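Only one structure is covered here, and it is reproduced in the block below.
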Amino acid sequence: MSRRSRAQRKLAVPDPIYNSRLVTLLISRVLQSGKKSIAQKIVYNALELVSTKTEENPVLVLEKAVKNVTPAVEVKSRRVGGATFQIPTPVRESRRKSLAVKWLIKYAQSRNEKTMSEKLAGEIMAASKEEGGAFKKKEDTHRIA
């Protein structure tokens with residue numbers, strides 16, 4: 001760890017189609033084995049499906065979904081004496097967003113649709129309506145805390 005100063009956080013560059021940093025974060029989270037073009041196709045197809053099914057702006061639906069899934073607190077294990085306690089701690093803003101996107105993709109992968117684009121679109125729409133696996137994960141996290 002450097003003694004000089006803290007490392008500067010790099011902001012994600014907005015994507016070329018929707019001009020949104022959140023879409024860029026989603027693409028980089030879907031990314032596997034460095035295949036960015038495939039990840040972009042998956043995310044853009046999912047956003048197209050969202051716009052056709054909901055007839056709304058897909059980026060607004062995505063932002064609403066992420067807002068609904070974003071946790072406010074999480075629990076951290078703390079060892080006191082011989083016992084381990086779960087202590088609720090507030091979550092930093094950058095970690096909140098990354099956790100929300102991570103949960104969206106994780107629960108999208110476990111859905112039963114055919115393609116990853118359909119799974120991701122379904123999870124985004126479910127999260128924007130305050131249902132689905134990712135929203136349930138947030139509720140469970142809050143309940144434990």
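Naming works like this for the structure tokens: A, B, ... for the chains as they're shown, residue 1 at the start of each chain, ligands 1 onward in shown order.
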
Exercise for the section: Within 7 Å of Ala100 (chain A), counting only C-alpha atoms, which residues show up once you throw out same-chain ones fewer than 5 positions away? Write them as a PyMOL selection string, please. Expected result: chain A and resi 66+69-70

Write a file of the selected residues as a PDB file, in the first residue's frame, keeping N, CA, C and O atoms.
ATOM      1  N   VAL A  66     -31.727  -0.812 -10.591  1.00  0.00           N
ATOM      2  CA  VAL A  66     -30.522  -0.740  -9.761  1.00  0.00           C
ATOM      3  C   VAL A  66     -30.829  -0.015  -8.455  1.00  0.00           C
ATOM      4  O   VAL A  66     -30.356  -0.414  -7.384  1.00  0.00           O
ATOM      5  N   VAL A  69     -32.540  -2.363  -6.089  1.00  0.00           N
ATOM      6  CA  VAL A  69     -31.718  -3.474  -5.623  1.00  0.00           C
ATOM      7  C   VAL A  69     -30.566  -2.990  -4.739  1.00  0.00           C
ATOM      8  O   VAL A  69     -29.958  -3.767  -4.019  1.00  0.00           O
ATOM      9  N   THR A  70     -30.279  -1.686  -4.759  1.00  0.00           N
ATOM     10  CA  THR A  70     -29.135  -1.138  -4.039  1.00  0.00           C
ATOM     11  C   THR A  70     -29.302  -1.274  -2.524  1.00  0.00           C
ATOM     12  O   THR A  70     -30.279  -0.786  -1.964  1.00  0.00           O
TER      13      THR A  70
END

Which residues in chain A does DSSP call strand (DSSP E)? List them as a tab-separated table (two decimals) with C-alpha atoms, in the first residue's frame.
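Everything below was put into out.tsv:
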chain	number	residue	atom	x	y	z
A	73	VAL	CA	-26.41	-1.59	4.95
A	74	GLU	CA	-24.54	-4.88	5.03
A	75	VAL	CA	-23.25	-7.08	7.81
A	76	LYS	CA	-19.59	-7.65	8.58
A	77	SER	CA	-18.26	-10.33	10.90
A	78	ARG	CA	-16.59	-9.00	14.03
A	79	ARG	CA	-14.82	-11.25	16.49
A	80	VAL	CA	-15.17	-10.19	20.12
A	83	ALA	CA	-17.79	-15.11	19.74
A	84	THR	CA	-18.31	-13.80	16.22
A	85	PHE	CA	-20.93	-11.10	15.81
A	86	GLN	CA	-22.60	-9.84	12.65
A	87	ILE	CA	-22.34	-6.04	12.82
A	88	PRO	CA	-24.39	-3.90	10.42
A	89	THR	CA	-22.31	-1.29	8.60
A	90	PRO	CA	-23.31	1.31	6.00

Handout entry: Residue nearest Glu48 (chain A) among A:Ser20, A:Ser98, A:Ser117, A:Gln109 (counting only C-alpha atoms)
Key = A:Ser117

Handout entry: Between CA of Tyr44 (chain A) and CA of Asn112 (chain A) - distance in Å to one decimal
Key =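 Value for the CA of Asn112 (chain A)-CA of Tyr44 (chain A) distance: 19.7 Å.
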
Problem - Two-atom distance - CA of Val30 (chain A), CA of Val101 (chain A) (Å) - result: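 So the answer is 9.4 Å.
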
Exercise for the section: Using CA of Ser51 (chain A) and CA of Lys36 (chain A) as the two end points, give the distance in Å to one decimal. Expected result: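 About the pair CA of Ser51 (chain A) and CA of Lys36 (chain A): they are 22.4 Å apart.
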
Exercise for the section: Report as an MDAnalysis selection string: the residues of region 51-81 of chain A with a DSSP assignment of helix (DSSP H, G or I), based on the backbone of this structure. Expected result: chainID A and resid 51:54 58:69

Would you put the residues from that selection into a file with N, CA and C atoms, as a tab-separated table (two decimals), in the first residue's frame?
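Below is the file that was written, selection-v4.tsv:
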chain	number	residue	atom	x	y	z
A	51	SER	N	-37.12	-2.38	-23.65
A	51	SER	CA	-37.84	-1.27	-24.26
A	51	SER	C	-39.07	-1.75	-25.03
A	52	THR	N	-39.00	-2.93	-25.67
A	52	THR	CA	-40.17	-3.42	-26.40
A	52	THR	C	-41.26	-3.93	-25.46
A	53	LYS	N	-40.86	-4.54	-24.34
A	53	LYS	CA	-41.86	-5.10	-23.43
A	53	LYS	C	-42.51	-4.03	-22.55
A	54	THR	N	-41.71	-3.05	-22.10
A	54	THR	CA	-42.26	-2.05	-21.18
A	54	THR	C	-42.67	-0.77	-21.91
A	58	PRO	N	-35.25	2.22	-21.83
A	58	PRO	CA	-34.62	1.10	-21.13
A	58	PRO	C	-33.59	1.54	-20.09
A	59	VAL	N	-32.92	2.67	-20.31
A	59	VAL	CA	-31.92	3.13	-19.34
A	59	VAL	C	-32.62	3.58	-18.05
A	60	LEU	N	-33.79	4.21	-18.18
A	60	LEU	CA	-34.54	4.62	-16.98
A	60	LEU	C	-35.03	3.40	-16.20
A	61	VAL	N	-35.46	2.36	-16.93
A	61	VAL	CA	-35.90	1.12	-16.28
A	61	VAL	C	-34.72	0.47	-15.56
A	62	LEU	N	-33.54	0.47	-16.21
A	62	LEU	CA	-32.33	-0.09	-15.61
A	62	LEU	C	-31.94	0.70	-14.35
A	63	GLU	N	-32.00	2.03	-14.43
A	63	GLU	CA	-31.66	2.85	-13.27
A	63	GLU	C	-32.62	2.60	-12.11
A	64	LYS	N	-33.90	2.44	-12.43
A	64	LYS	CA	-34.90	2.15	-11.39
A	64	LYS	C	-34.63	0.78	-10.77
A	65	ALA	N	-34.28	-0.20	-11.61
A	65	ALA	CA	-33.98	-1.55	-11.12
A	65	ALA	C	-32.78	-1.52	-10.19
A	66	VAL	N	-31.73	-0.81	-10.59
A	66	VAL	CA	-30.52	-0.74	-9.76
A	66	VAL	C	-30.83	-0.01	-8.46
A	67	LYS	N	-31.64	1.03	-8.53
A	67	LYS	CA	-32.02	1.77	-7.31
A	67	LYS	C	-32.80	0.87	-6.35
A	68	ASN	N	-33.69	0.02	-6.89
A	68	ASN	CA	-34.48	-0.87	-6.05
A	68	ASN	C	-33.64	-1.99	-5.44
A	69	VAL	N	-32.54	-2.36	-6.09
A	69	VAL	CA	-31.72	-3.47	-5.62
A	69	VAL	C	-30.57	-2.99	-4.74

Practice task
Just the residues within 8 Å of region 21-24 of chain A, please, counting only C-alpha atoms, with nothing from its chain fewer than 3 positions along; format it as a list in words.
Solution key: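 Result of the neighbour search: Ala12, Val13, Pro14, Asp15, Tyr18, Ile27, Ser28, Val43, Val59 and Glu63 of chain A.
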
Since we have the selection now, will you write its residues out, keeping all heavy atoms, as a PDB file, in the first residue's frame?
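File written: selection.pdb
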ATOM      1  N   ALA A  12     -16.224   5.275 -14.920  1.00  0.00           N
ATOM      2  CA  ALA A  12     -16.515   4.515 -16.127  1.00  0.00           C
ATOM      3  C   ALA A  12     -16.880   5.476 -17.261  1.00  0.00           C
ATOM      4  O   ALA A  12     -17.587   6.464 -17.053  1.00  0.00           O
ATOM      5  CB  ALA A  12     -17.667   3.547 -15.868  1.00  0.00           C
ATOM      6  N   VAL A  13     -16.396   5.180 -18.453  1.00  0.00           N
ATOM      7  CA  VAL A  13     -16.699   5.997 -19.624  1.00  0.00           C
ATOM      8  C   VAL A  13     -18.113   5.653 -20.092  1.00  0.00           C
ATOM      9  O   VAL A  13     -18.473   4.472 -20.163  1.00  0.00           O
ATOM     10  CB  VAL A  13     -15.687   5.706 -20.753  1.00  0.00           C
ATOM     11  CG1 VAL A  13     -15.968   6.545 -21.980  1.00  0.00           C
ATOM     12  CG2 VAL A  13     -14.276   5.937 -20.266  1.00  0.00           C
ATOM     13  N   PRO A  14     -18.961   6.638 -20.390  1.00  0.00           N
ATOM     14  CA  PRO A  14     -20.322   6.330 -20.862  1.00  0.00           C
ATOM     15  C   PRO A  14     -20.294   5.520 -22.162  1.00  0.00           C
ATOM     16  O   PRO A  14     -19.430   5.738 -23.013  1.00  0.00           O
ATOM     17  CB  PRO A  14     -20.937   7.709 -21.102  1.00  0.00           C
ATOM     18  CG  PRO A  14     -20.116   8.653 -20.317  1.00  0.00           C
ATOM     19  CD  PRO A  14     -18.742   8.066 -20.242  1.00  0.00           C
ATOM     20  N   ASP A  15     -21.231   4.584 -22.288  1.00  0.00           N
ATOM     21  CA  ASP A  15     -21.248   3.745 -23.491  1.00  0.00           C
ATOM     22  C   ASP A  15     -21.716   4.557 -24.699  1.00  0.00           C
ATOM     23  O   ASP A  15     -22.388   5.572 -24.548  1.00  0.00           O
ATOM     24  CB  ASP A  15     -22.147   2.523 -23.276  1.00  0.00           C
ATOM     25  CG  ASP A  15     -23.611   2.858 -23.347  1.00  0.00           C
ATOM     26  OD1 ASP A  15     -24.068   3.665 -22.526  1.00  0.00           O
ATOM     27  OD2 ASP A  15     -24.278   2.317 -24.230  1.00  0.00           O
ATOM     28  N   TYR A  18     -26.206   4.379 -25.461  1.00  0.00           N
ATOM     29  CA  TYR A  18     -27.137   5.008 -24.512  1.00  0.00           C
ATOM     30  C   TYR A  18     -26.514   6.163 -23.738  1.00  0.00           C
ATOM     31  O   TYR A  18     -27.203   6.854 -23.001  1.00  0.00           O
ATOM     32  CB  TYR A  18     -27.673   3.969 -23.527  1.00  0.00           C
ATOM     33  CG  TYR A  18     -28.557   2.941 -24.188  1.00  0.00           C
ATOM     34  CD1 TYR A  18     -28.085   1.657 -24.447  1.00  0.00           C
ATOM     35  CD2 TYR A  18     -29.846   3.251 -24.566  1.00  0.00           C
ATOM     36  CE1 TYR A  18     -28.894   0.710 -25.057  1.00  0.00           C
ATOM     37  CE2 TYR A  18     -30.662   2.319 -25.175  1.00  0.00           C
ATOM     38  CZ  TYR A  18     -30.177   1.053 -25.418  1.00  0.00           C
ATOM     39  OH  TYR A  18     -30.972   0.128 -26.024  1.00  0.00           O
ATOM     40  N   ILE A  27     -22.057  -3.806 -18.683  1.00  0.00           N
ATOM     41  CA  ILE A  27     -21.301  -4.524 -19.712  1.00  0.00           C
ATOM     42  C   ILE A  27     -20.035  -5.127 -19.118  1.00  0.00           C
ATOM     43  O   ILE A  27     -19.713  -6.296 -19.350  1.00  0.00           O
ATOM     44  CB  ILE A  27     -20.956  -3.590 -20.894  1.00  0.00           C
ATOM     45  CG1 ILE A  27     -22.211  -3.269 -21.703  1.00  0.00           C
ATOM     46  CG2 ILE A  27     -19.904  -4.218 -21.805  1.00  0.00           C
ATOM     47  CD1 ILE A  27     -22.032  -2.187 -22.732  1.00  0.00           C
ATOM     48  N   SER A  28     -19.300  -4.345 -18.326  1.00  0.00           N
ATOM     49  CA  SER A  28     -18.052  -4.854 -17.771  1.00  0.00           C
ATOM     50  C   SER A  28     -18.296  -5.955 -16.746  1.00  0.00           C
ATOM     51  O   SER A  28     -17.443  -6.807 -16.515  1.00  0.00           O
ATOM     52  CB  SER A  28     -17.223  -3.729 -17.160  1.00  0.00           C
ATOM     53  OG  SER A  28     -17.927  -3.112 -16.132  1.00  0.00           O
ATOM     54  N   VAL A  43     -25.956  -7.202 -23.408  1.00  0.00           N
ATOM     55  CA  VAL A  43     -26.569  -6.085 -22.680  1.00  0.00           C
ATOM     56  C   VAL A  43     -27.474  -5.265 -23.594  1.00  0.00           C
ATOM     57  O   VAL A  43     -28.598  -4.917 -23.219  1.00  0.00           O
ATOM     58  CB  VAL A  43     -25.488  -5.205 -22.024  1.00  0.00           C
ATOM     59  CG1 VAL A  43     -26.090  -3.940 -21.455  1.00  0.00           C
ATOM     60  CG2 VAL A  43     -24.780  -5.980 -20.931  1.00  0.00           C
ATOM     61  N   VAL A  59     -32.920   2.671 -20.312  1.00  0.00           N
ATOM     62  CA  VAL A  59     -31.923   3.135 -19.341  1.00  0.00           C
ATOM     63  C   VAL A  59     -32.618   3.581 -18.054  1.00  0.00           C
ATOM     64  O   VAL A  59     -32.129   3.325 -16.947  1.00  0.00           O
ATOM     65  CB  VAL A  59     -31.066   4.279 -19.932  1.00  0.00           C
ATOM     66  CG1 VAL A  59     -30.086   4.809 -18.912  1.00  0.00           C
ATOM     67  CG2 VAL A  59     -30.315   3.791 -21.161  1.00  0.00           C
ATOM     68  N   GLU A  63     -32.003   2.034 -14.433  1.00  0.00           N
ATOM     69  CA  GLU A  63     -31.659   2.853 -13.266  1.00  0.00           C
ATOM     70  C   GLU A  63     -32.621   2.596 -12.109  1.00  0.00           C
ATOM     71  O   GLU A  63     -32.205   2.525 -10.948  1.00  0.00           O
ATOM     72  CB  GLU A  63     -31.664   4.336 -13.633  1.00  0.00           C
ATOM     73  CG  GLU A  63     -30.480   4.747 -14.469  1.00  0.00           C
ATOM     74  CD  GLU A  63     -30.564   6.175 -14.968  1.00  0.00           C
ATOM     75  OE1 GLU A  63     -31.597   6.848 -14.728  1.00  0.00           O
ATOM     76  OE2 GLU A  63     -29.600   6.610 -15.613  1.00  0.00           O
TER      77      GLU A  63
END

Practice task
Select, from A:Gln8, A:Ala108, A:Arg96, A:Gly34, the residue with the minimum atom-to-atom distance to Met125 (chain A), counting only C-alpha atoms.
Solution key: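 Residue with the minimum atom-to-atom distance to Met125 (chain A): A:Ala108.
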
Problem - Pick from A:Ile105, A:Gly133, A:Leu11, A:Gly82, whichever lies nearest to Ala46 (chain A) using only C-alpha atoms - result: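 Closest residue, counting only C-alpha atoms: A:Ile105.
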
Handout entry: Within 12 Å of Ser110 (chain A) using only C-alpha atoms, minus same-chain residues under 3 positions, as a PyMOL selection string
Key = chain A and resi 103-107+113-116+118-120+122-123+132-134
